[in-house]
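File shown here: protein_21.pdb, holding PDB, C-alpha atoms (C1' of nucleotides).
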```pdb
MODEL        1
ATOM      1  CA  MET A  19       0.000   0.000   0.000
ATOM      2  CA  ALA A  20       1.374   3.394  -0.940
ATOM      3  CA  GLU A  21       1.775   5.996   1.765
ATOM      4  CA  SER A  22      -1.091   8.432   2.022
ATOM      5  CA  ASN A  23       0.349  11.517   3.589
ATOM      6  CA  PRO A  24      -0.086  14.557   1.340
ATOM      7  CA  LEU A  25       1.631  16.748   3.947
ATOM      8  CA  ARG A  26       4.912  14.925   3.622
ATOM      9  CA  GLU A  27       6.362  16.277   0.395
ATOM     10  CA  PRO A  28       5.561  19.983   0.838
ATOM     11  CA  LEU A  29       6.667  19.871   4.447
ATOM     12  CA  LEU A  30       9.977  18.151   3.707
ATOM     13  CA  ASP A  31      10.644  20.591   0.870
ATOM     14  CA  TRP A  32       9.986  23.495   3.187
ATOM     15  CA  TYR A  33      12.220  22.037   5.899
ATOM     16  CA  GLY A  34      15.035  21.617   3.387
ATOM     17  CA  THR A  35      15.175  25.344   2.774
ATOM     18  CA  HIS A  36      13.948  26.847   6.046
ATOM     19  CA  ALA A  37      15.365  24.671   8.836
ATOM     20  CA  ARG A  38      17.405  26.509  11.454
ATOM     21  CA  ASP A  39      21.062  25.621  11.754
ATOM     22  CA  LEU A  40      20.992  24.354  15.337
ATOM     23  CA  PRO A  41      24.214  22.816  16.701
ATOM     24  CA  TRP A  42      22.542  19.646  18.007
ATOM     25  CA  ARG A  43      21.233  18.982  14.482
ATOM     26  CA  ARG A  44      24.600  19.148  12.761
ATOM     27  CA  ALA A  45      26.317  16.059  11.416
ATOM     28  CA  ASP A  46      28.994  16.245  14.098
ATOM     29  CA  ALA A  47      26.508  16.304  16.965
ATOM     30  CA  THR A  48      26.806  13.268  19.235
ATOM     31  CA  PRO A  49      23.911  11.325  20.784
ATOM     32  CA  TRP A  50      24.980  12.820  24.102
ATOM     33  CA  GLY A  51      24.715  16.294  22.606
ATOM     34  CA  VAL A  52      21.260  15.477  21.327
ATOM     35  CA  LEU A  53      20.204  14.116  24.713
ATOM     36  CA  VAL A  54      21.475  17.203  26.529
ATOM     37  CA  SER A  55      19.639  19.449  24.079
ATOM     38  CA  GLU A  56      16.365  17.596  24.470
ATOM     39  CA  ILE A  57      16.409  17.817  28.264
ATOM     40  CA  MET A  58      17.327  21.501  28.133
ATOM     41  CA  LEU A  59      14.612  22.233  25.587
ATOM     42  CA  GLN A  60      11.855  20.817  27.802
ATOM     43  CA  GLN A  61       9.683  23.890  28.363
ATOM     44  CA  THR A  62      12.565  26.197  27.503
ATOM     45  CA  PRO A  63      13.028  28.288  24.319
ATOM     46  CA  VAL A  64      15.853  27.513  21.885
ATOM     47  CA  ALA A  65      17.440  30.942  22.225
ATOM     48  CA  ARG A  66      18.057  30.470  25.926
ATOM     49  CA  VAL A  67      19.328  26.913  25.546
ATOM     50  CA  LEU A  68      21.958  27.636  22.876
ATOM     51  CA  PRO A  69      24.704  29.216  25.041
ATOM     52  CA  VAL A  70      24.241  26.838  27.982
ATOM     53  CA  TRP A  71      24.275  23.787  25.695
ATOM     54  CA  ALA A  72      27.580  24.941  24.174
ATOM     55  CA  GLN A  73      29.110  25.376  27.637
ATOM     56  CA  TRP A  74      27.933  21.964  28.785
ATOM     57  CA  LEU A  75      29.229  20.132  25.726
ATOM     58  CA  ALA A  76      32.589  21.908  25.927
ATOM     59  CA  ARG A  77      32.959  21.037  29.605
ATOM     60  CA  TRP A  78      31.376  17.577  29.506
ATOM     61  CA  PRO A  79      31.779  16.193  25.963
ATOM     62  CA  ALA A  80      30.755  12.678  27.018
ATOM     63  CA  PRO A  81      28.456  11.205  29.695
ATOM     64  CA  ARG A  82      31.365   9.961  31.803
ATOM     65  CA  ASP A  83      32.733  13.502  32.040
ATOM     66  CA  LEU A  84      29.589  14.755  33.707
ATOM     67  CA  ALA A  85      29.253  11.563  35.727
ATOM     68  CA  ALA A  86      32.594  12.327  37.368
ATOM     69  CA  GLU A  87      31.261  15.595  38.798
ATOM     70  CA  PRO A  88      29.126  16.114  41.884
ATOM     71  CA  PRO A  89      25.471  16.823  41.034
ATOM     72  CA  GLY A  90      25.807  20.370  42.335
ATOM     73  CA  GLU A  91      28.115  21.253  39.458
ATOM     74  CA  ALA A  92      25.380  20.341  37.000
ATOM     75  CA  VAL A  93      22.958  22.523  38.927
ATOM     76  CA  ARG A  94      25.437  25.401  38.917
ATOM     77  CA  ALA A  95      26.132  25.097  35.192
ATOM     78  CA  TRP A  96      22.400  24.954  34.562
ATOM     79  CA  GLY A  97      22.260  28.649  35.316
ATOM     80  CA  ARG A  98      18.859  30.206  34.868
ATOM     81  CA  LEU A  99      17.350  27.746  32.400
ATOM     82  CA  GLY A 100      14.601  26.961  34.874
ATOM     83  CA  TYR A 101      13.241  23.676  36.271
ATOM     84  CA  PRO A 102      16.689  22.859  37.744
ATOM     85  CA  ARG A 103      15.735  19.291  38.588
ATOM     86  CA  ARG A 104      16.434  18.715  34.915
ATOM     87  CA  ALA A 105      20.107  19.333  35.711
ATOM     88  CA  LEU A 106      19.946  16.588  38.336
ATOM     89  CA  ASN A 107      18.166  14.340  35.849
ATOM     90  CA  LEU A 108      20.903  14.911  33.279
ATOM     91  CA  HIS A 109      23.552  14.193  35.880
ATOM     92  CA  ALA A 110      21.732  11.009  36.898
ATOM     93  CA  CYS A 111      21.446  10.069  33.210
ATOM     94  CA  ALA A 112      25.198  10.521  32.822
ATOM     95  CA  ARG A 113      25.927   8.263  35.788
ATOM     96  CA  ALA A 114      23.459   5.608  34.650
ATOM     97  CA  ILE A 115      24.824   5.663  31.106
ATOM     98  CA  THR A 116      28.357   5.374  32.454
ATOM     99  CA  ALA A 117      27.550   2.618  34.923
ATOM    100  CA  ASP A 118      25.067   0.559  32.931
ATOM    101  CA  HIS A 119      25.593   1.312  29.247
ATOM    102  CA  GLY A 120      29.350   1.453  28.773
ATOM    103  CA  GLY A 121      29.323   5.237  28.633
ATOM    104  CA  GLU A 122      27.301   5.299  25.397
ATOM    105  CA  VAL A 123      23.841   6.836  25.096
ATOM    106  CA  PRO A 124      21.487   3.934  24.382
ATOM    107  CA  ALA A 125      19.736   3.913  21.003
ATOM    108  CA  ASP A 126      16.758   1.869  22.123
ATOM    109  CA  HIS A 127      13.583   3.792  22.897
ATOM    110  CA  ASP A 128      12.543   1.777  25.944
ATOM    111  CA  THR A 129      16.050   1.868  27.384
ATOM    112  CA  LEU A 130      16.083   5.640  26.999
ATOM    113  CA  ARG A 131      12.603   5.880  28.486
ATOM    114  CA  ALA A 132      13.852   4.186  31.661
ATOM    115  CA  LEU A 133      16.463   6.894  32.296
ATOM    116  CA  PRO A 134      15.658   9.641  34.825
ATOM    117  CA  GLY A 135      13.855  12.660  33.386
ATOM    118  CA  ILE A 136      13.274  10.970  30.031
ATOM    119  CA  GLY A 137       9.605  10.599  29.253
ATOM    120  CA  GLU A 138       7.800   9.506  26.132
ATOM    121  CA  TYR A 139       8.642  12.583  24.096
ATOM    122  CA  THR A 140      12.344  12.745  24.942
ATOM    123  CA  ALA A 141      12.863   8.997  24.433
ATOM    124  CA  ALA A 142      11.295   9.229  20.982
ATOM    125  CA  ALA A 143      13.235  12.386  20.135
ATOM    126  CA  VAL A 144      16.651  10.966  21.062
ATOM    127  CA  ALA A 145      15.964   7.583  19.441
ATOM    128  CA  SER A 146      14.825   9.393  16.315
ATOM    129  CA  PHE A 147      17.133  12.408  16.005
ATOM    130  CA  ALA A 148      20.331  10.847  17.339
ATOM    131  CA  PHE A 149      19.926   7.345  15.925
ATOM    132  CA  GLY A 150      17.476   7.631  13.044
ATOM    133  CA  GLY A 151      14.894   5.428  14.725
ATOM    134  CA  ARG A 152      11.294   5.399  13.548
ATOM    135  CA  HIS A 153       9.226   6.858  16.377
ATOM    136  CA  ALA A 154       6.311   9.274  16.560
ATOM    137  CA  VAL A 155       7.715  12.432  18.134
ATOM    138  CA  LEU A 156       4.799  14.136  19.846
ATOM    139  CA  ASP A 157       5.769  17.448  21.353
ATOM    140  CA  THR A 158       3.682  20.576  21.746
ATOM    141  CA  ASN A 159       4.635  21.765  18.245
ATOM    142  CA  VAL A 160       3.703  18.531  16.506
ATOM    143  CA  ARG A 161       0.462  18.257  18.449
ATOM    144  CA  ARG A 162      -0.526  21.778  17.446
ATOM    145  CA  VAL A 163       0.354  21.281  13.760
ATOM    146  CA  LEU A 164      -1.603  18.045  13.562
ATOM    147  CA  ALA A 165      -4.549  19.518  15.483
ATOM    148  CA  ARG A 166      -4.792  22.306  12.926
ATOM    149  CA  ALA A 167      -3.830  20.629   9.682
ATOM    150  CA  VAL A 168      -5.644  17.344  10.225
ATOM    151  CA  ARG A 169      -8.285  17.846  12.890
ATOM    152  CA  GLY A 170      -9.155  21.418  11.924
ATOM    153  CA  GLU A 171      -8.891  22.764  15.469
ATOM    154  CA  GLU A 172      -6.814  25.644  16.757
ATOM    155  CA  TYR A 173      -5.285  23.782  19.695
ATOM    156  CA  PRO A 174      -4.735  20.145  20.661
ATOM    157  CA  PRO A 175      -6.342  18.631  23.797
ATOM    158  CA  LYS A 176      -4.754  19.520  27.138
ATOM    159  CA  ALA A 177      -3.348  16.035  27.607
ATOM    160  CA  THR A 178      -2.030  13.857  24.814
ATOM    161  CA  THR A 179      -4.698  11.389  23.690
ATOM    162  CA  ALA A 180      -4.533   7.929  22.161
ATOM    163  CA  ALA A 181      -6.071   9.402  19.027
ATOM    164  CA  GLU A 182      -3.200  11.849  18.685
ATOM    165  CA  ARG A 183      -0.668   9.058  19.036
ATOM    166  CA  ALA A 184      -2.515   6.966  16.485
ATOM    167  CA  LEU A 185      -2.580   9.845  14.037
ATOM    168  CA  ALA A 186       1.101  10.669  14.500
ATOM    169  CA  THR A 187       1.980   7.004  14.038
ATOM    170  CA  ARG A 188      -0.131   6.719  10.909
ATOM    171  CA  LEU A 189       1.578   9.725   9.335
ATOM    172  CA  LEU A 190       5.057   8.386  10.104
ATOM    173  CA  PRO A 191       6.929   7.637   6.859
ATOM    174  CA  THR A 192       8.493   4.212   6.460
ATOM    175  CA  VAL A 193      11.697   5.868   5.274
ATOM    176  CA  ASP A 194      13.567   8.700   7.016
ATOM    177  CA  ALA A 195      10.933   9.141   9.690
ATOM    178  CA  SER A 196      13.298  11.243  11.808
ATOM    179  CA  THR A 197      13.435  14.014   9.198
ATOM    180  CA  TRP A 198       9.654  14.055   9.008
ATOM    181  CA  GLY A 199       9.457  14.409  12.779
ATOM    182  CA  VAL A 200      11.896  17.274  13.051
ATOM    183  CA  ALA A 201      10.276  18.972  10.054
ATOM    184  CA  VAL A 202       6.840  18.970  11.684
ATOM    185  CA  MET A 203       8.365  20.294  14.889
ATOM    186  CA  GLU A 204      10.153  23.031  12.995
ATOM    187  CA  LEU A 205       6.974  24.093  11.245
ATOM    188  CA  GLY A 206       5.235  24.387  14.596
ATOM    189  CA  ALA A 207       8.123  26.375  16.036
ATOM    190  CA  LEU A 208       8.553  28.828  13.158
ATOM    191  CA  VAL A 209       5.248  29.069  11.252
ATOM    192  CA  CYS A 210       2.358  27.253  12.905
ATOM    193  CA  THR A 211       2.924  29.022  16.207
ATOM    194  CA  ALA A 212       0.540  29.083  19.135
ATOM    195  CA  ARG A 213      -0.465  32.727  19.054
ATOM    196  CA  ALA A 214       0.089  34.347  15.666
ATOM    197  CA  PRO A 215       0.413  31.581  13.053
ATOM    198  CA  ARG A 216       1.927  32.723   9.774
ATOM    199  CA  CYS A 217      -0.373  30.843   7.437
ATOM    200  CA  ALA A 218       0.799  32.967   4.490
ATOM    201  CA  ASP A 219       4.222  31.322   4.802
ATOM    202  CA  CYS A 220       2.972  27.818   5.484
ATOM    203  CA  PRO A 221       3.887  25.069   3.007
ATOM    204  CA  ILE A 222       0.764  23.049   3.853
ATOM    205  CA  ALA A 223      -1.735  25.915   4.081
ATOM    206  CA  ALA A 224      -3.611  24.587   1.051
ATOM    207  CA  LEU A 225      -4.188  21.299   2.900
ATOM    208  CA  CYS A 226      -4.798  22.674   6.390
ATOM    209  CA  ARG A 227      -8.293  21.934   7.634
ATOM    210  CA  TRP A 228      -8.164  24.673  10.238
ATOM    211  CA  ARG A 229      -7.210  27.365   7.727
ATOM    212  CA  LEU A 230      -9.677  26.072   5.145
ATOM    213  CA  ALA A 231     -12.399  26.333   7.785
ATOM    214  CA  GLY A 232     -11.559  30.006   8.323
ATOM    215  CA  ARG A 233      -9.320  29.485  11.367
ATOM    216  CA  PRO A 234     -12.137  29.040  13.898
ATOM    217  CA  PRO A 235     -11.009  30.017  17.417
ATOM    218  CA  HIS A 236     -10.656  27.473  20.196
ATOM    219  CA  ASP A 237     -14.075  27.146  21.811
ATOM    220  CA  GLY A 238     -13.515  25.256  25.069
ATOM    221  CA  PRO A 239     -12.485  26.861  28.371
ATOM    222  CA  ALA A 240      -9.350  28.996  28.347
ATOM    223  CA  ARG A 241      -6.136  27.443  29.513
ATOM    224  CA  LYS A 242      -5.187  27.816  33.129
ATOM    225  CA  GLY A 243      -2.428  30.369  33.193
ATOM    226  CA  GLN A 244       0.484  29.568  35.457
ATOM    227  CA  ALA A 245       0.943  32.009  38.294
ATOM    228  CA  TYR A 246       4.474  32.677  39.399
ATOM    229  CA  ALA A 247       4.847  35.801  41.492
ATOM    230  CA  GLY A 248       4.705  34.898  45.161
ATOM    231  CA  THR A 249       4.688  31.145  44.580
ATOM    232  CA  ASP A 250       6.903  28.486  46.084
ATOM    233  CA  ARG A 251       8.489  28.131  42.678
ATOM    234  CA  GLN A 252       9.641  31.729  42.689
ATOM    235  CA  CYS A 253      10.891  31.328  46.236
ATOM    236  CA  ARG A 254      12.824  28.170  45.340
ATOM    237  CA  GLY A 255      14.330  29.999  42.388
ATOM    238  CA  ARG A 256      15.549  32.828  44.598
ATOM    239  CA  LEU A 257      17.081  30.464  47.138
ATOM    240  CA  LEU A 258      18.787  28.296  44.542
ATOM    241  CA  ALA A 259      20.221  31.368  42.815
ATOM    242  CA  VAL A 260      22.002  32.221  46.072
ATOM    243  CA  LEU A 261      23.483  28.722  46.303
ATOM    244  CA  ARG A 262      24.557  28.734  42.657
ATOM    245  CA  GLY A 263      26.397  31.985  43.217
ATOM    246  CA  SER A 264      28.700  30.646  45.906
ATOM    247  CA  HIS A 265      31.300  27.877  45.918
ATOM    248  CA  ASP A 266      31.365  27.967  49.692
ATOM    249  CA  PRO A 267      28.495  26.938  51.951
ATOM    250  CA  VAL A 268      26.250  29.933  52.553
ATOM    251  CA  PRO A 269      24.940  30.947  55.982
ATOM    252  CA  LYS A 270      21.212  30.647  56.546
ATOM    253  CA  ALA A 271      20.987  34.422  56.850
ATOM    254  CA  ALA A 272      21.985  34.798  53.203
ATOM    255  CA  LEU A 273      18.970  32.706  52.239
ATOM    256  CA  ASP A 274      16.637  34.439  54.667
ATOM    257  CA  ALA A 275      17.526  37.721  52.999
ATOM    258  CA  VAL A 276      15.961  36.858  49.639
ATOM    259  CA  TRP A 277      12.433  35.938  50.806
ATOM    260  CA  SER A 278      10.461  37.664  53.505
ATOM    261  CA  ASP A 279       7.789  35.096  54.392
ATOM    262  CA  PRO A 280       9.543  32.673  56.779
ATOM    263  CA  VAL A 281       6.928  29.922  56.533
ATOM    264  CA  GLN A 282       7.057  29.780  52.765
ATOM    265  CA  ARG A 283      10.823  30.182  52.799
ATOM    266  CA  GLU A 284      11.372  27.198  55.088
ATOM    267  CA  ARG A 285       8.981  25.084  53.072
ATOM    268  CA  ALA A 286      10.780  25.967  49.855
ATOM    269  CA  LEU A 287      14.214  25.320  51.348
ATOM    270  CA  ASP A 288      13.128  21.959  52.727
ATOM    271  CA  GLY A 289      11.758  21.188  49.296
ATOM    272  CA  LEU A 290      15.079  21.957  47.634
ATOM    273  CA  VAL A 291      16.901  19.704  50.087
ATOM    274  CA  HIS A 292      14.314  16.976  49.652
ATOM    275  CA  ASP A 293      14.673  17.191  45.872
ATOM    276  CA  GLY A 294      18.441  16.914  46.057
ATOM    277  CA  LEU A 295      19.007  20.430  44.758
ATOM    278  CA  ALA A 296      20.568  21.635  48.002
ATOM    279  CA  GLU A 297      22.448  20.192  50.965
ATOM    280  CA  ALA A 298      22.051  21.245  54.573
ATOM    281  CA  LEU A 299      25.286  21.027  56.549
ATOM    282  CA  THR A 300      25.454  20.293  60.258
ATOM    283  CA  ASP A 301      26.632  23.816  61.047
ATOM    284  CA  GLY A 302      23.418  25.293  59.639
ATOM    285  CA  THR A 303      24.879  26.377  56.293
ATOM    286  CA  TYR A 304      23.698  25.292  52.844
ATOM    287  CA  ARG A 305      25.332  24.519  49.505
ATOM    288  CA  LEU A 306      24.739  22.865  46.149
ATOM    289  CA  PRO A 307      24.766  19.058  46.539
ATOM    290  CA  LEU A 308      28.002  17.056  46.553
ATOM    291  CA  ALA A 309      26.101  13.797  46.788
ATOM    292  CA  VAL A 310      22.980  12.380  45.216
ATOM    293  CA  VAL A 311      20.026  12.363  47.577
ATOM    294  CA  SER A 312      18.695   8.909  48.424
ATOM    295  CA  GLU A 313      14.985   8.785  47.605
TER     296      GLU A 313
ATOM    297  C1'  DC B  17      -6.115  13.157  35.397
ATOM    298  C1'  DA B  18      -4.579  17.512  37.792
ATOM    299  C1'  DT B  19      -0.520  19.684  39.993
ATOM    300  C1'  DT B  20       3.912  20.941  40.614
ATOM    301  C1'  DC B  21       8.176  22.426  38.970
ATOM    302  C1'  DG B  22      11.656  28.270  36.758
ATOM    303  C1'  DT B  23      12.466  31.779  33.873
ATOM    304  C1'  DG B  24      12.146  35.334  30.538
ATOM    305  C1'  DG B  25      10.496  37.277  26.190
ATOM    306  C1'  DC B  26       6.895  38.655  23.344
ATOM    307  C1'  DG B  27       2.183  40.081  21.377
TER     308       DG B  27
ATOM    309  C1'  DT C  26       1.249  46.238  30.975
ATOM    310  C1'  DC C  27       0.697  41.494  31.680
ATOM    311  C1'  DG C  28      -1.129  37.098  30.422
ATOM    312  C1'  DC C  29       0.511  33.538  27.587
ATOM    313  C1'  DC C  30       3.711  30.337  26.313
ATOM    314  C1'  DA C  31       8.308  27.671  25.434
ATOM    315  C1'  DA C  32      11.416  20.447  21.968
ATOM    316  C1'  DG C  33       7.776  17.786  29.367
ATOM    317  C1'  DA C  34       8.246  14.699  33.325
ATOM    318  C1'  DA C  35       7.004  12.965  37.676
ATOM    319  C1'  DT C  36       3.666  12.177  41.029
TER     320       DT C  36
ENDMDL
END
```

In structure tokens, write the structure found in this file.
Amino acid sequence: MAESNPLREPLLDWYGTHARDLPWRRADATPWGVLVSEIMLQQTPVARVLPVWAQWLARWPAPRDLAAEPPGEAVRAWGRLGYPRRALNLHACARAITADHGGEVPADHDTLRALPGIGEYTAAAVASFAFGGRHAVLDTNVRRVLARAVRGEEYPPKATTAAERALATRLLPTVDASTWGVAVMELGALVCTARAPRCADCPIAALCRWRLAGRPPHDGPARKGQAYAGTDRQCRGRLLAVLRGSHDPVPKAALDAVWSDPVQRERALDGLVHDGLAEALTDGTYRLPLAVVSE
DNA sequence: CATTCGTGGCG
DNA sequence: TCGCCAAGAAT
């Protein structure tokens, strides 16, 4: 049976001429470089990842290089990328890869999926982009493109559905599936964006059900915006920034100074320690972790 | 399935 | 200005 995916050719043609030159996509990028990029790109824009990725790969060119460091160094080098537990996940990945996989990033999807911080998307992305595996790569970009082009709706469902997975799998080419995946992602990132889609520049506009229907707006309830100011997350961010800025243990007073509410501050600090992002020393000072927290 | 988890830029 | 959103995962 011949493949029935009319989106494929125009999309691949477009990708061939419009793809960004990102370092983790180049021919000399290693699987480790791809893995690091995918973790960093979780909920974080490309522009902010670029400089940190370059620093990480220069300092830790292979998993065993990072594995040799204490986890706190990964947290420090993470800088202000956000969601710093991803730095711990990457460090834990490096140690697991070194200890259990001979220092080489595994190519198998399920093996990748079992590593810390690697969920369905990231496992598929690394298996596909680093090793050329045939996997449906369902990120927020792909979900939005398929929702519009195929389902005719402005936005995909809040949580990924079985129908979305089935659709993405059905569209997957038998040959060079990884290029198809990255091309759909790129279209979602550059043209079929969440807020102001540039349909005039879209290579599949003529086939897009949403555009053909007159771009009907999303009808359901609005998305639940994420508050930040005054939250525990902001408090944790402030506290961790203090720890990142010092190579020596910092006195408790230095942490108290960055958040006024003592109840919330203690809760946030305990949370950081519990998550393995900070260590409390016996003299009452705190620092980035030298050891991995046990459960 | 709903929450939690950072940060910053842009429309 | 400020709400929305950015290559998600874990619980």

### Query
For chain C, which residue among A:Gly302, A:Pro124, A:Pro63, A:Pro191 is the nearest when counting all atoms listed in the file?
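Of the candidates, the smallest distance to chain C is held by A:Pro63.
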
### Message
Between A:Val54, A:Ala296, A:Cys111, A:Ala154, which residue has the minimum interatomic distance to Thr192 in chain A, considering all atoms listed in the file?
### Response
A:Ala154

### Residues near Arg38 in chain A, cut-off 12 Å, only C-alpha atoms (C1' of nucleotides), skip fewer than 5 positions along chain, as a PyMOL selection string
chain A and resi 32-33+43-44+64-65+200-201+203-205+207-208

#### Entry: Reference answer for the PyMOL selection byres ((chain B) within 9 of (chain A)), as an MDAnalysis selection string
chainID B and resid 17 20:24 27

#### Entry: Residues returned when the PyMOL selection byres ((chain C) within 6 of (chain A)) runs on this file, as a PyMOL selection string
chain C and resi 31-34

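Straight-line separation from CA of Asp288 in chain A to CA of Thr249 in chain A: 14.9 Å.
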
Edge lengths and centre in Å to one decimal, as AutoDock Vina command-line options, is what I'm after for the box along x, y and z that holds all listed atoms of chain B once 3 Å is added on each side.
```
--center_x 3.2 --center_y 26.6 --center_z 31.0 --size_x 24.6 --size_y 32.9 --size_z 25.2
```

### Point-to-point distance in Å for CA of Arg262 in chain A and CA of Gln282 in chain A
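That distance, rounded to one decimal, is 20.2 Å.
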